[in-house]
Structures are given as C-alpha cells and as structure tokens.
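Asker: The following file, target-v2.txt, comprises compact mmCIF, C-alpha atoms:
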```txt
# COMPACT_ATOMS: atom_id res chain seq x y z
CA MET U 193 -206.28 -50.00 133.54
CA LYS U 194 -205.41 -46.29 133.61
CA SER U 195 -201.70 -47.05 133.27
CA SER U 196 -202.39 -49.28 130.26
CA LEU U 197 -204.44 -46.55 128.60
CA LEU U 198 -201.67 -44.05 129.33
CA ILE U 199 -199.05 -46.33 127.74
CA LEU U 200 -201.25 -46.87 124.65
CA THR U 201 -201.80 -43.11 124.37
CA LEU U 202 -198.05 -42.47 124.57
CA ILE U 203 -197.33 -45.14 121.95
CA PHE U 204 -200.00 -43.73 119.64
CA SER U 205 -198.58 -40.22 120.13
CA LEU U 206 -195.04 -41.40 119.31
CA ILE U 207 -196.26 -43.18 116.17
CA GLN U 208 -198.15 -40.07 115.03
CA ASN U 209 -195.08 -37.88 115.63
CA ALA U 210 -192.85 -40.30 113.73
CA LEU U 211 -195.28 -40.41 110.80
CA GLY U 212 -195.55 -36.65 110.83
CA GLN U 213 -191.77 -36.25 110.74
CA GLU U 214 -191.44 -38.80 107.95
CA LYS U 215 -194.13 -37.05 105.94
CA GLY U 216 -192.47 -33.69 106.56
CA VAL U 217 -189.13 -34.78 105.08
CA MET U 218 -189.27 -34.09 101.35
CA SER U 219 -186.81 -35.44 98.83
CA ALA U 220 -184.82 -33.01 96.68
CA GLU U 221 -186.91 -34.04 93.67
CA GLU U 222 -190.14 -33.26 95.56
CA ILE U 223 -188.76 -29.90 96.71
CA PHE U 224 -187.75 -28.99 93.18
CA THR U 225 -191.10 -30.11 91.75
CA GLU U 226 -192.79 -27.80 94.27
CA ILE U 227 -190.50 -24.94 93.19
CA LYS U 228 -191.41 -25.55 89.52
CA LEU U 229 -195.15 -25.68 90.16
CA ASN U 230 -195.10 -22.50 92.24
CA SER U 231 -192.94 -20.60 89.76
CA GLN U 232 -195.32 -21.37 86.87
CA GLN U 233 -197.96 -19.17 88.48
CA SER U 234 -195.74 -16.08 88.28
CA LYS U 235 -195.21 -13.57 85.47
CA ASN U 236 -191.51 -14.46 85.20
CA PRO U 237 -191.34 -18.21 85.96
CA ASN U 238 -187.67 -18.66 85.00
CA LYS U 239 -186.46 -15.96 87.40
CA VAL U 240 -188.77 -17.09 90.21
CA LEU U 241 -187.65 -20.73 89.83
CA TYR U 242 -183.98 -19.78 90.03
CA ASP U 243 -184.51 -17.36 92.97
CA ARG U 244 -186.33 -20.05 94.94
CA PHE U 245 -183.60 -22.54 94.16
CA LEU U 246 -181.04 -20.05 95.56
CA ASN U 247 -183.13 -19.63 98.71
CA LYS U 248 -183.13 -23.40 99.26
CA ILE U 249 -179.37 -23.87 98.84
CA LYS U 250 -178.64 -20.89 101.12
CA SER U 251 -180.96 -22.20 103.81
CA ASP U 252 -179.68 -24.07 106.88
CA THR U 253 -182.82 -26.22 106.76
CA TYR U 254 -181.43 -28.63 104.19
CA SER U 255 -178.50 -31.04 104.34
CA GLU U 256 -175.52 -30.85 101.98
CA GLN U 257 -176.81 -34.02 100.31
CA THR U 258 -180.18 -32.39 99.59
CA LYS U 259 -178.48 -29.27 98.21
CA ASN U 260 -176.30 -31.51 96.06
CA GLU U 261 -179.40 -33.22 94.64
CA LEU U 262 -181.18 -29.88 94.14
CA ALA U 263 -178.29 -28.71 91.95
CA VAL U 264 -178.68 -31.84 89.83
CA CYS U 265 -182.45 -31.19 89.58
CA LEU U 266 -181.74 -27.64 88.35
CA PHE U 267 -179.21 -28.83 85.75
CA SER U 268 -181.60 -31.52 84.50
CA HIS U 269 -184.49 -29.08 84.37
CA TYR U 270 -182.62 -26.62 82.15
CA ILE U 271 -181.56 -29.37 79.75
CA GLN U 272 -185.07 -30.83 79.53
CA CYS U 273 -186.42 -27.34 78.77
CA GLY U 274 -183.76 -26.73 76.09
CA SER U 275 -182.42 -23.79 78.13
CA PHE U 276 -178.79 -24.69 77.46
CA LEU U 277 -177.40 -21.22 78.17
CA ALA U 278 -179.09 -21.25 81.58
CA PHE U 279 -177.64 -24.72 82.19
CA LYS U 280 -174.09 -23.58 81.37
CA THR U 281 -174.43 -20.56 83.67
CA ALA U 282 -175.89 -22.66 86.49
CA PHE U 283 -173.20 -25.31 86.11
CA GLU U 284 -170.42 -22.71 86.31
CA LYS U 285 -171.99 -21.02 89.36
CA HIS U 286 -172.97 -24.11 91.33
CA THR U 287 -170.34 -26.75 90.58
CA ALA U 288 -169.20 -26.32 94.20
CA LEU U 289 -172.43 -28.02 95.35
CA ILE U 290 -171.27 -31.29 93.75
CA GLU U 291 -167.55 -30.83 94.47
CA ASN U 292 -167.56 -33.70 96.98
CA LYS U 293 -169.04 -36.08 94.38
CA PRO U 294 -166.20 -36.64 91.85
CA ILE U 295 -168.16 -39.02 89.59
CA LEU U 296 -171.19 -36.74 89.52
CA LYS U 297 -169.03 -33.69 88.85
CA THR U 298 -167.25 -35.45 85.96
CA TYR U 299 -170.61 -36.56 84.54
CA TRP U 300 -171.99 -33.00 84.45
CA LYS U 301 -168.69 -31.60 83.16
CA THR U 302 -169.03 -34.03 80.23
CA ILE U 303 -172.60 -32.83 79.60
CA SER U 304 -171.38 -29.22 79.70
CA LEU U 305 -168.79 -30.00 77.02
CA GLU U 306 -171.52 -31.59 74.88
CA PHE U 307 -173.59 -28.40 74.86
CA SER U 308 -170.49 -26.35 74.05
CA GLU U 309 -169.96 -28.62 71.02
CA GLN U 310 -166.50 -29.61 72.28
CA TYR U 311 -166.94 -33.21 71.20
CA LYS U 312 -163.32 -34.41 71.35
CA ALA U 313 -163.01 -33.00 74.87
CA MET U 314 -166.37 -34.57 75.68
CA PHE U 315 -165.06 -37.98 74.62
CA LYS U 316 -161.90 -37.63 76.75
CA ASN U 317 -163.95 -36.54 79.76
CA ALA U 318 -166.33 -39.49 79.27
CA GLU U 319 -163.28 -41.81 79.32
CA ILE U 320 -162.28 -40.29 82.68
CA LEU U 321 -165.85 -40.83 83.91
CA LEU U 322 -165.71 -44.47 82.80
CA ARG U 323 -162.43 -45.10 84.69
CA LYS U 324 -163.80 -43.51 87.87
CA SER U 325 -167.07 -45.44 87.55
CA GLU U 326 -165.31 -48.78 86.97
CA LYS U 327 -163.14 -48.15 90.02
CA ALA U 328 -166.25 -47.45 92.11
CA GLY U 329 -167.94 -50.56 90.64
CA ASP U 330 -171.34 -48.93 90.11
CA ASN U 331 -173.16 -50.31 87.06
CA GLN U 332 -175.40 -47.27 86.63
CA ASN U 333 -172.41 -44.89 86.53
CA ILE U 334 -170.61 -47.22 84.09
CA SER U 335 -173.74 -47.25 81.92
CA ASP U 336 -173.87 -43.42 82.00
CA ALA U 337 -170.21 -43.21 81.01
CA TYR U 338 -170.75 -45.49 78.02
CA ARG U 339 -173.86 -43.46 77.05
CA LEU U 340 -171.77 -40.29 76.92
CA LEU U 341 -168.98 -42.05 75.02
CA ALA U 342 -171.63 -43.17 72.52
CA ARG U 343 -173.02 -39.64 72.14
CA SER U 344 -169.57 -38.10 71.66
CA LYS U 345 -168.77 -40.63 68.92
CA MET U 346 -172.12 -39.82 67.30
CA TYR U 347 -171.19 -36.13 67.07
CA LEU U 348 -167.80 -37.13 65.68
CA ASN U 349 -169.62 -39.16 62.98
CA GLU U 350 -168.11 -42.48 64.06
CA LYS U 351 -171.14 -44.71 63.61
CA ASP U 352 -169.71 -48.12 64.57
CA SER U 353 -168.03 -46.82 67.73
CA SER U 354 -171.15 -44.91 68.72
CA LEU U 355 -173.40 -47.98 68.41
CA PHE U 356 -170.78 -50.16 70.15
CA TYR U 357 -170.68 -47.90 73.22
CA ALA U 358 -174.48 -47.57 73.22
CA ASN U 359 -174.86 -51.36 73.39
CA LEU U 360 -172.33 -51.56 76.23
CA SER U 361 -174.32 -48.87 78.04
CA LEU U 362 -177.49 -50.95 77.67
CA ASN U 363 -175.74 -54.07 79.03
CA PHE U 364 -174.61 -52.28 82.20
CA ALA U 365 -177.97 -50.50 82.55
CA LYS U 366 -179.70 -53.89 82.73
CA ARG U 367 -177.33 -54.93 85.56
CA SER U 368 -177.85 -51.74 87.56
CA ASN U 369 -180.31 -51.07 90.38
CA SER U 370 -181.58 -47.88 88.75
CA LYS U 371 -185.10 -48.10 87.39
CA LYS U 372 -184.32 -45.35 84.84
CA ALA U 373 -180.97 -46.62 83.52
CA VAL U 374 -182.43 -48.79 80.75
CA ALA U 375 -184.86 -46.05 79.70
CA ASN U 376 -182.05 -43.48 79.54
CA THR U 377 -180.02 -45.80 77.32
CA PHE U 378 -182.96 -46.39 74.99
CA GLN U 379 -183.34 -42.60 74.75
CA ASP U 380 -179.74 -42.08 73.61
CA LEU U 381 -179.72 -45.15 71.37
CA SER U 382 -182.79 -43.87 69.50
CA ASP U 383 -181.05 -40.51 68.98
CA ILE U 384 -177.92 -42.19 67.66
CA GLN U 385 -179.88 -44.41 65.28
CA ALA U 386 -181.80 -41.41 63.93
CA TYR U 387 -178.58 -39.39 63.56
CA PHE U 388 -177.22 -42.09 61.25
CA ASP U 389 -180.52 -42.32 59.29
CA MET U 390 -181.55 -45.65 60.84
CA ILE U 391 -185.13 -44.36 61.15
CA GLY U 392 -186.84 -47.77 61.38
CA LYS U 393 -184.50 -48.98 64.14
CA SER U 394 -184.81 -45.66 65.94
CA THR U 395 -188.61 -45.96 65.92
CA SER U 396 -188.41 -49.54 67.27
CA THR U 397 -186.14 -48.34 70.09
CA LEU U 398 -188.55 -45.49 70.85
CA LEU U 399 -191.46 -47.93 71.11
CA LYS U 400 -189.43 -49.94 73.66
CA LEU U 401 -188.67 -46.72 75.53
CA ASN U 402 -192.35 -45.81 75.44
CA GLN U 403 -193.25 -49.11 77.11
CA GLU U 404 -190.42 -48.80 79.65
CA ALA U 405 -191.40 -45.21 80.53
CA GLU U 406 -194.99 -46.32 81.07
CA ARG U 407 -193.84 -49.21 83.25
CA ILE U 408 -191.72 -47.01 85.54
CA LYS U 409 -194.28 -44.15 85.37
CA ASP U 410 -191.77 -41.62 84.06
CA TYR U 411 -194.11 -39.22 82.28
CA TYR U 412 -191.35 -36.96 81.00
CA LEU U 413 -189.77 -39.86 79.09
CA LEU U 414 -193.21 -41.10 78.05
CA CYS U 415 -194.01 -37.71 76.51
CA TRP U 416 -190.53 -37.39 74.98
CA SER U 417 -190.63 -40.84 73.35
CA THR U 418 -194.15 -40.24 72.01
CA LEU U 419 -193.02 -36.91 70.54
CA MET U 420 -189.98 -38.56 68.95
CA ILE U 421 -192.11 -41.33 67.39
CA ALA U 422 -194.18 -38.54 65.83
CA GLU U 423 -191.01 -36.93 64.46
CA ARG U 424 -189.74 -40.23 63.03
CA SER U 425 -193.15 -40.82 61.38
CA PHE U 426 -192.97 -37.33 59.86
CA GLN U 427 -189.47 -38.05 58.53
CA VAL U 428 -190.82 -40.97 56.46
CA ASN U 429 -193.89 -38.95 55.34
CA SER U 430 -196.37 -40.92 57.45
CA PHE U 431 -198.30 -37.73 58.21
CA ASN U 432 -201.45 -39.29 59.72
CA GLU U 433 -199.40 -41.45 62.07
CA ALA U 434 -197.26 -38.44 62.99
CA LYS U 435 -200.39 -36.40 63.82
CA THR U 436 -201.70 -39.21 66.01
CA TYR U 437 -198.48 -39.38 68.04
CA TYR U 438 -198.17 -35.58 68.32
CA ARG U 439 -201.70 -35.48 69.75
CA LYS U 440 -200.87 -38.33 72.14
CA ALA U 441 -197.81 -36.39 73.28
CA LEU U 442 -199.94 -33.25 73.79
CA ASN U 443 -202.40 -35.24 75.90
CA ILE U 444 -199.56 -36.61 78.08
CA ALA U 445 -198.05 -33.11 78.42
CA GLU U 446 -201.35 -31.55 79.48
CA LYS U 447 -202.19 -34.31 81.97
CA ASN U 448 -198.77 -34.15 83.63
CA ASN U 449 -198.06 -30.42 83.52
CA LEU U 450 -195.18 -30.90 81.06
CA ASN U 451 -195.69 -27.51 79.44
CA THR U 452 -192.20 -27.24 77.92
CA PHE U 453 -193.14 -29.95 75.41
CA LYS U 454 -196.02 -27.97 73.93
CA VAL U 455 -194.00 -25.61 71.72
CA ARG U 456 -192.26 -28.67 70.22
CA ILE U 457 -195.57 -30.46 69.62
CA PHE U 458 -197.24 -27.47 67.94
CA ARG U 459 -194.13 -26.98 65.83
CA GLY U 460 -194.40 -30.59 64.62
CA LEU U 461 -198.09 -30.23 63.82
CA ALA U 462 -197.40 -27.00 61.93
CA GLU U 463 -194.64 -28.73 59.92
CA ILE U 464 -197.11 -31.45 58.85
CA GLU U 465 -199.62 -28.84 57.66
CA LEU U 466 -196.92 -26.93 55.79
CA SER U 467 -195.79 -30.15 54.09
CA THR U 468 -199.32 -30.72 52.80
CA ASN U 469 -199.77 -27.03 51.89
CA LYS U 470 -202.54 -26.45 54.47
CA LEU U 471 -201.44 -22.96 55.41
CA ASP U 472 -204.48 -21.99 57.49
CA ALA U 473 -204.13 -25.13 59.62
CA ALA U 474 -200.38 -24.45 59.96
CA LEU U 475 -201.13 -20.94 61.25
CA VAL U 476 -203.53 -22.31 63.88
CA ASN U 477 -200.73 -24.52 65.28
CA ILE U 478 -198.19 -21.69 65.09
CA ASN U 479 -200.49 -19.44 67.14
CA GLN U 480 -201.04 -22.21 69.68
CA GLY U 481 -197.30 -22.68 69.89
CA TYR U 482 -196.72 -19.01 70.67
CA ASN U 483 -199.43 -19.18 73.34
CA SER U 484 -197.84 -22.20 75.00
CA PHE U 485 -194.58 -20.69 76.25
CA TYR U 486 -193.40 -17.86 78.46
CA GLU U 487 -192.21 -14.90 76.37
CA GLY U 488 -188.85 -14.61 78.15
CA ASP U 489 -187.93 -18.24 77.56
CA LYS U 490 -185.16 -18.38 74.93
CA SER U 491 -184.90 -22.16 74.80
CA ILE U 492 -183.43 -23.93 71.78
CA PHE U 493 -186.88 -25.44 71.16
CA TYR U 494 -188.41 -21.99 70.89
CA LEU U 495 -185.80 -20.98 68.32
CA ASP U 496 -186.59 -24.13 66.31
CA PHE U 497 -190.29 -23.27 66.55
CA LYS U 498 -189.63 -19.77 65.18
CA SER U 499 -187.81 -21.36 62.22
CA THR U 500 -191.03 -23.22 61.40
CA HIS U 501 -192.90 -19.91 61.62
CA VAL U 502 -190.42 -18.49 59.08
CA LYS U 503 -191.28 -21.32 56.65
CA TYR U 504 -194.92 -20.26 56.89
CA LEU U 505 -194.04 -16.58 56.38
CA ILE U 506 -192.02 -17.40 53.27
CA GLU U 507 -194.99 -19.38 51.88
CA ILE U 508 -197.32 -16.38 52.30
CA ASP U 509 -194.65 -13.97 51.00
CA SER U 510 -194.39 -12.09 54.31
CA LEU U 511 -190.64 -11.70 53.87
CA ALA U 512 -190.02 -8.59 55.97
CA GLN U 513 -191.31 -10.39 59.10
CA ALA U 514 -189.40 -13.54 58.14
CA LYS U 515 -186.18 -11.53 57.89
CA ILE U 516 -186.61 -10.09 61.41
CA ILE U 517 -187.08 -13.56 62.93
CA LEU U 518 -184.14 -15.00 60.98
CA GLU U 519 -181.81 -12.21 62.14
CA ASP U 520 -182.87 -12.80 65.76
CA ASN U 521 -182.37 -16.55 65.37
CA LEU U 522 -178.88 -16.10 63.91
CA GLU U 523 -177.89 -14.09 66.97
CA ASP U 524 -179.49 -16.50 69.45
CA TYR U 525 -178.20 -19.69 67.81
CA SER U 526 -174.71 -18.12 67.88
CA LYS U 527 -175.05 -17.61 71.65
CA TYR U 528 -176.03 -21.26 71.98
CA LYS U 529 -173.11 -22.28 69.75
CA SER U 530 -175.62 -24.39 67.83
CA SER U 531 -174.06 -25.38 64.49
CA ASN U 532 -177.25 -27.21 63.56
CA GLY U 533 -179.44 -24.19 64.30
CA LEU U 534 -177.13 -21.82 62.42
CA GLY U 535 -177.06 -24.15 59.42
CA LYS U 536 -180.86 -24.36 59.28
CA THR U 537 -181.16 -20.58 59.64
CA HIS U 538 -178.78 -19.89 56.75
CA HIS U 539 -180.76 -22.41 54.68
CA LEU U 540 -183.97 -20.47 55.40
CA ILE U 541 -182.26 -17.18 54.51
CA GLY U 542 -181.35 -18.85 51.22
CA ARG U 543 -184.98 -19.88 50.69
CA MET U 544 -186.11 -16.33 51.40
CA HIS U 545 -183.71 -14.91 48.79
CA PHE U 546 -184.76 -17.65 46.36
CA SER U 547 -188.41 -16.61 46.67
CA GLN U 548 -187.30 -13.04 45.86
CA LYS U 549 -185.34 -14.33 42.82
CA LYS U 550 -182.09 -12.98 44.30
CA TRP U 551 -180.14 -15.84 42.78
CA GLU U 552 -176.60 -14.82 43.80
CA LYS U 553 -177.60 -14.34 47.43
```
What does this structure look like when you write it as structure tokens?
Answerer:
Amino acid sequence: MKSSLLILTLIFSLIQNALGQEKGVMSAEEIFTEIKLNSQQSKNPNKVLYDRFLNKIKSDTYSEQTKNELAVCLFSHYIQCGSFLAFKTAFEKHTALIENKPILKTYWKTISLEFSEQYKAMFKNAEILLRKSEKAGDNQNISDAYRLLARSKMYLNEKDSSLFYANLSLNFAKRSNSKKAVANTFQDLSDIQAYFDMIGKSTSTLLKLNQEAERIKDYYLLCWSTLMIAERSFQVNSFNEAKTYYRKALNIAEKNNLNTFKVRIFRGLAEIELSTNKLDAALVNINQGYNSFYEGDKSIFYLDFKSTHVKYLIEIDSLAQAKIILEDNLEDYSKYKSSNGLGKTHHLIGRMHFSQKKWEK
C-alpha cells in the first residue's frame, strides 16, 4: 500500500514538474508582448522596448530560434506602429539574427526596399523570394512572395499585374497551413483596390477581412480592417457610416490595448468634422489624438495626424502655428522618404498661401 502511494506521489510530482516546465516556456510572440506591455508603463516606451529586446537577444536563456522570432516581432511591431525609420535601423542592425533563414531574410529585405520607395528593386527581390519559396514548396511563403509582387506593381502603377499577383497570392494562401495567410492577402488586396480607386471592391474585401480576423481572433487585423472601412466610407462621403466604424475601431483598440491605432482614429474623426465645418468638434478629436500617443513617437501616422491639425489651423486662420507644423513635417517626411507625405505637405503649404492671398506662392 505504501509503495503504491509512493509511486502515485512520484507520478503526480513528475506530471506537475512537466506542466510547470511547459508553462514556463514562452513563445517569442508572448515574450515580445510582455516586453511591449511593460514598456508602455515607462516615460520613454520606445527606448525601453528596444533596450529590453536587446537584453533578450544577448541573453543565453533563449535559443537561436527564439531570438530569430523576436527579431521578426520587432520588425513587425515597428511597421504596425508606422515607425518606419526605426524599422530600417533595426533591420540593418539585426539582420544577422535571421541570417540562417534565407527565405525570411529575403522577405524582410523586400519589405525594407518597399519603405525606401525602391519599387523596381522591391519587385526584383520579390521575384527572388518567389523562386526560393517555390523551391522550398511552402504555400505560405509563395503566397507572401506574390503579395509583395502585387504591392510592388501597385507602386509602379501597373494595375492589371498588381491584381493578377494578388489573386495568385490568395490562391496559395488558401492552400497553406497558416491561419493568417488569407487575412494578410485580403489586407493587401484591399489596399491595392483602394490605390486604383476601386473603393466599392476594396470595402467588400475589407468586410471579408473583418470576418476572417474575427474568426482567427486577430485583434490587430480586426481593428485595422474596421479603421479602413471607416476610411473608405469617408472617401465616398458616407460620414455617419464612417463615424460608426471609427468608433468601432476605437472600441477594439481600447479593449485590446492597441494604442497605436488611436491617433489614426482621432485623425479620421477630426477629418469628418472638418468636412462638415464643425470646427469645435474637430478640435475635440485633435486634442484627444495628441493625448493618445507618446510625445517622442515620430511615426508616419503621427505626421499624418499633424497634417489634419494643420487643416484645422488654416480654417481658424492660425497660420503661424500651421507654418511651424508644416516645416517640421517637411523635414520628417523627407527622413521617411515619403513621397506621399511630402506631396500632401506641399499641398497644405499651398492652401496656407492661398488663404493669405499670396497667389504666386
């Protein structure tokens, strides 16, 4: 009897130890999520996040595979936040972490070329990615390669080729084992359709993405697709529908700690109020937007938000303040190599001069 109890006790102890070890092993995504949550409590979240990332990759606690995945988490985080300069710097510094993953390295090199606006080089690199992926026979990687081919053709204004590659990407995404592959393809397809003024089709694709994101419980994509539906509604002057979706997006962001979306949401709400000449309501959203981000965060979304603030300042004839913001934005958009941002900024400078009746300027 005693020996039986001893054996049961030993078995129970072994099971408990095994469960404890299993619970103690965190995935790279879980580790990075913990880093993000902890850094948000600090006065300088961007610096703290990066410092903690460095501590993890220098530690002997984690395997090379985990460090590899942590690098990917960092790259993805910067892109999702619109911190493209930080992404480029991180990619240059930490490419070595993915050196032993040739397909992954080629994928992120292609992304890096996209954010440097080197679209012909991006296309060539995506072709290399496709060949490597086809050789490996992985449907998800093939789908990713076609997605990047589609995006590069979009930037090169080749509509038919862009849509052709996007549809190929969707076909391979459906054959892959990745639960996010189809959602990622819907995301890019909606962007491409909007780029070529196919607003109705883009909205339909976003609604599919919204459903897919909800199904796989990807709250980042759920918030992003809801935000984009709001933007598409705004583009066709459906202001009430746009407001509804912006508020839905805000609700998703607040529930899931997706704070980087807030400045984009408040910008959209302010744009609606400006379009209907409700300046007081626009100012409320502008103030909420400024309160929703960390002051040291120079993301592309923050620069876009400041452009909306400039529109408000021009409306109330506060041109000296508008000029300061526009000069800052010109400098920052130049650092980002954002042709779109620079174009919009010069347009706003033109509007400012127009309001001053400086016709030649």
Asker: Which distance in Å separates CA of Tyr311 (chain U) and CA of Ala342 (chain U), to one decimal?
Answerer: 11.1 Å
Asker: Just to confirm, what's the straight-line distance from CA of Leu399 (chain U) to CA of Tyr438 (chain U) in Å (one decimal)?
Answerer: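 Straight-line distance from CA of Leu399 (chain U) to CA of Tyr438 (chain U) works out to 14.3 Å.
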Asker: Figure out the distance between CA of Ile290 (chain U) and CA of Asp243 (chain U), please, to one decimal in Å.
Answerer: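 CA of Ile290 (chain U) lies 19.2 Å from CA of Asp243 (chain U).
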Asker: Which residues come within 12 Å of Gly535 (chain U), counting only C-alpha atoms, excluding same-chain residues fewer than 4 positions away, as a short mmCIF file (atom, residue, chain, number, x, y, z; two decimals) with C-alpha atoms, keeping the file's coordinate frame?
Answerer:
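Done, and the output landed in selection_25.cif:
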```
data_model
loop_
_atom_site.label_atom_id
_atom_site.label_comp_id
_atom_site.auth_asym_id
_atom_site.auth_seq_id
_atom_site.Cartn_x
_atom_site.Cartn_y
_atom_site.Cartn_z
CA ASP U 496 -186.59 -24.13 66.31
CA SER U 499 -187.81 -21.36 62.22
CA LEU U 518 -184.14 -15.00 60.98
CA ASN U 521 -182.37 -16.55 65.37
CA LEU U 522 -178.88 -16.10 63.91
CA TYR U 525 -178.20 -19.69 67.81
CA SER U 526 -174.71 -18.12 67.88
CA LYS U 529 -173.11 -22.28 69.75
CA SER U 530 -175.62 -24.39 67.83
CA SER U 531 -174.06 -25.38 64.49
CA HIS U 539 -180.76 -22.41 54.68
CA LEU U 540 -183.97 -20.47 55.40
CA ILE U 541 -182.26 -17.18 54.51
CA GLY U 542 -181.35 -18.85 51.22
#
```
Asker: Any idea what's packed within 12 Å of Val428 (chain U), counting all atoms listed in the file, ignoring anything in its chain fewer than 2 positions away? Could you give it as an MDAnalysis selection string?
Answerer: chainID U and resid 386 389:392 395 421:426 430:434 464
Asker: Just give me the residues with any atom within 12 Å of (-172.6, -50.3, 68.0), file coordinates, counting all atoms listed in the file, written as a count of residues only.
Answerer: 24
Asker: May I have a table of the residues of region 334-451 of chain U lying at most 12 Å from region 223-227 of chain U, giving each one's closest pair of atoms and their distance in Å to one decimal, counting only C-alpha atoms, ordered by chain and ascending residue number, as JSON lines?
Answerer:
```
{"residue": "U:Asn448", "atom": "CA", "partner": "U:Thr225", "partner_atom": "CA", "distance": 11.9}
{"residue": "U:Asn449", "atom": "CA", "partner": "U:Thr225", "partner_atom": "CA", "distance": 10.8}
{"residue": "U:Leu450", "atom": "CA", "partner": "U:Thr225", "partner_atom": "CA", "distance": 11.5}
```
Asker: Applying 12 Å and all atoms listed in the file, which residues near Gln257 (chain U) remain after dropping the ones on its own chain fewer than 5 positions away? List them as a PyMOL selection string.
Answerer: chain U and resi 219-220+249+262-264+289-293
Asker: Would you kindly return, as a ChimeraX atom specification, each protein, DNA or RNA residue with an atom no farther than 10 Å from any atom of Lys553 (chain U), considering only C-alpha atoms and excluding same-chain residues fewer than 4 positions away?
Answerer: /U:541-546,548-549
Asker: What would the list of residues within 10 Å of (-192.0, -42.5, 78.3) (file frame) look like as a short mmCIF file (atom, residue, chain, number, x, y, z; two decimals) with C-alpha atoms, keeping the file's coordinate frame, if only C-alpha atoms are what count?
Answerer:
```cif
data_model
loop_
_atom_site.label_atom_id
_atom_site.label_comp_id
_atom_site.auth_asym_id
_atom_site.auth_seq_id
_atom_site.Cartn_x
_atom_site.Cartn_y
_atom_site.Cartn_z
CA ALA U 375 -184.86 -46.05 79.70
CA GLN U 379 -183.34 -42.60 74.75
CA LEU U 398 -188.55 -45.49 70.85
CA LEU U 399 -191.46 -47.93 71.11
CA LYS U 400 -189.43 -49.94 73.66
CA LEU U 401 -188.67 -46.72 75.53
CA ASN U 402 -192.35 -45.81 75.44
CA GLN U 403 -193.25 -49.11 77.11
CA GLU U 404 -190.42 -48.80 79.65
CA ALA U 405 -191.40 -45.21 80.53
CA GLU U 406 -194.99 -46.32 81.07
CA ARG U 407 -193.84 -49.21 83.25
CA ILE U 408 -191.72 -47.01 85.54
CA LYS U 409 -194.28 -44.15 85.37
CA ASP U 410 -191.77 -41.62 84.06
CA TYR U 411 -194.11 -39.22 82.28
CA TYR U 412 -191.35 -36.96 81.00
CA LEU U 413 -189.77 -39.86 79.09
CA LEU U 414 -193.21 -41.10 78.05
CA CYS U 415 -194.01 -37.71 76.51
CA TRP U 416 -190.53 -37.39 74.98
CA SER U 417 -190.63 -40.84 73.35
CA THR U 418 -194.15 -40.24 72.01
CA LEU U 419 -193.02 -36.91 70.54
CA ALA U 441 -197.81 -36.39 73.28
CA ILE U 444 -199.56 -36.61 78.08
#
```
Asker: Env of region 467-482 of chain U: 7 Å cut, atoms = all atoms listed in the file, seq-sep filter 2 positions within chain, self excluded. Answer as an NGL selection string.
Answerer: :U and (454-455 or 458-459 or 461-465 or 484-485 or 501)
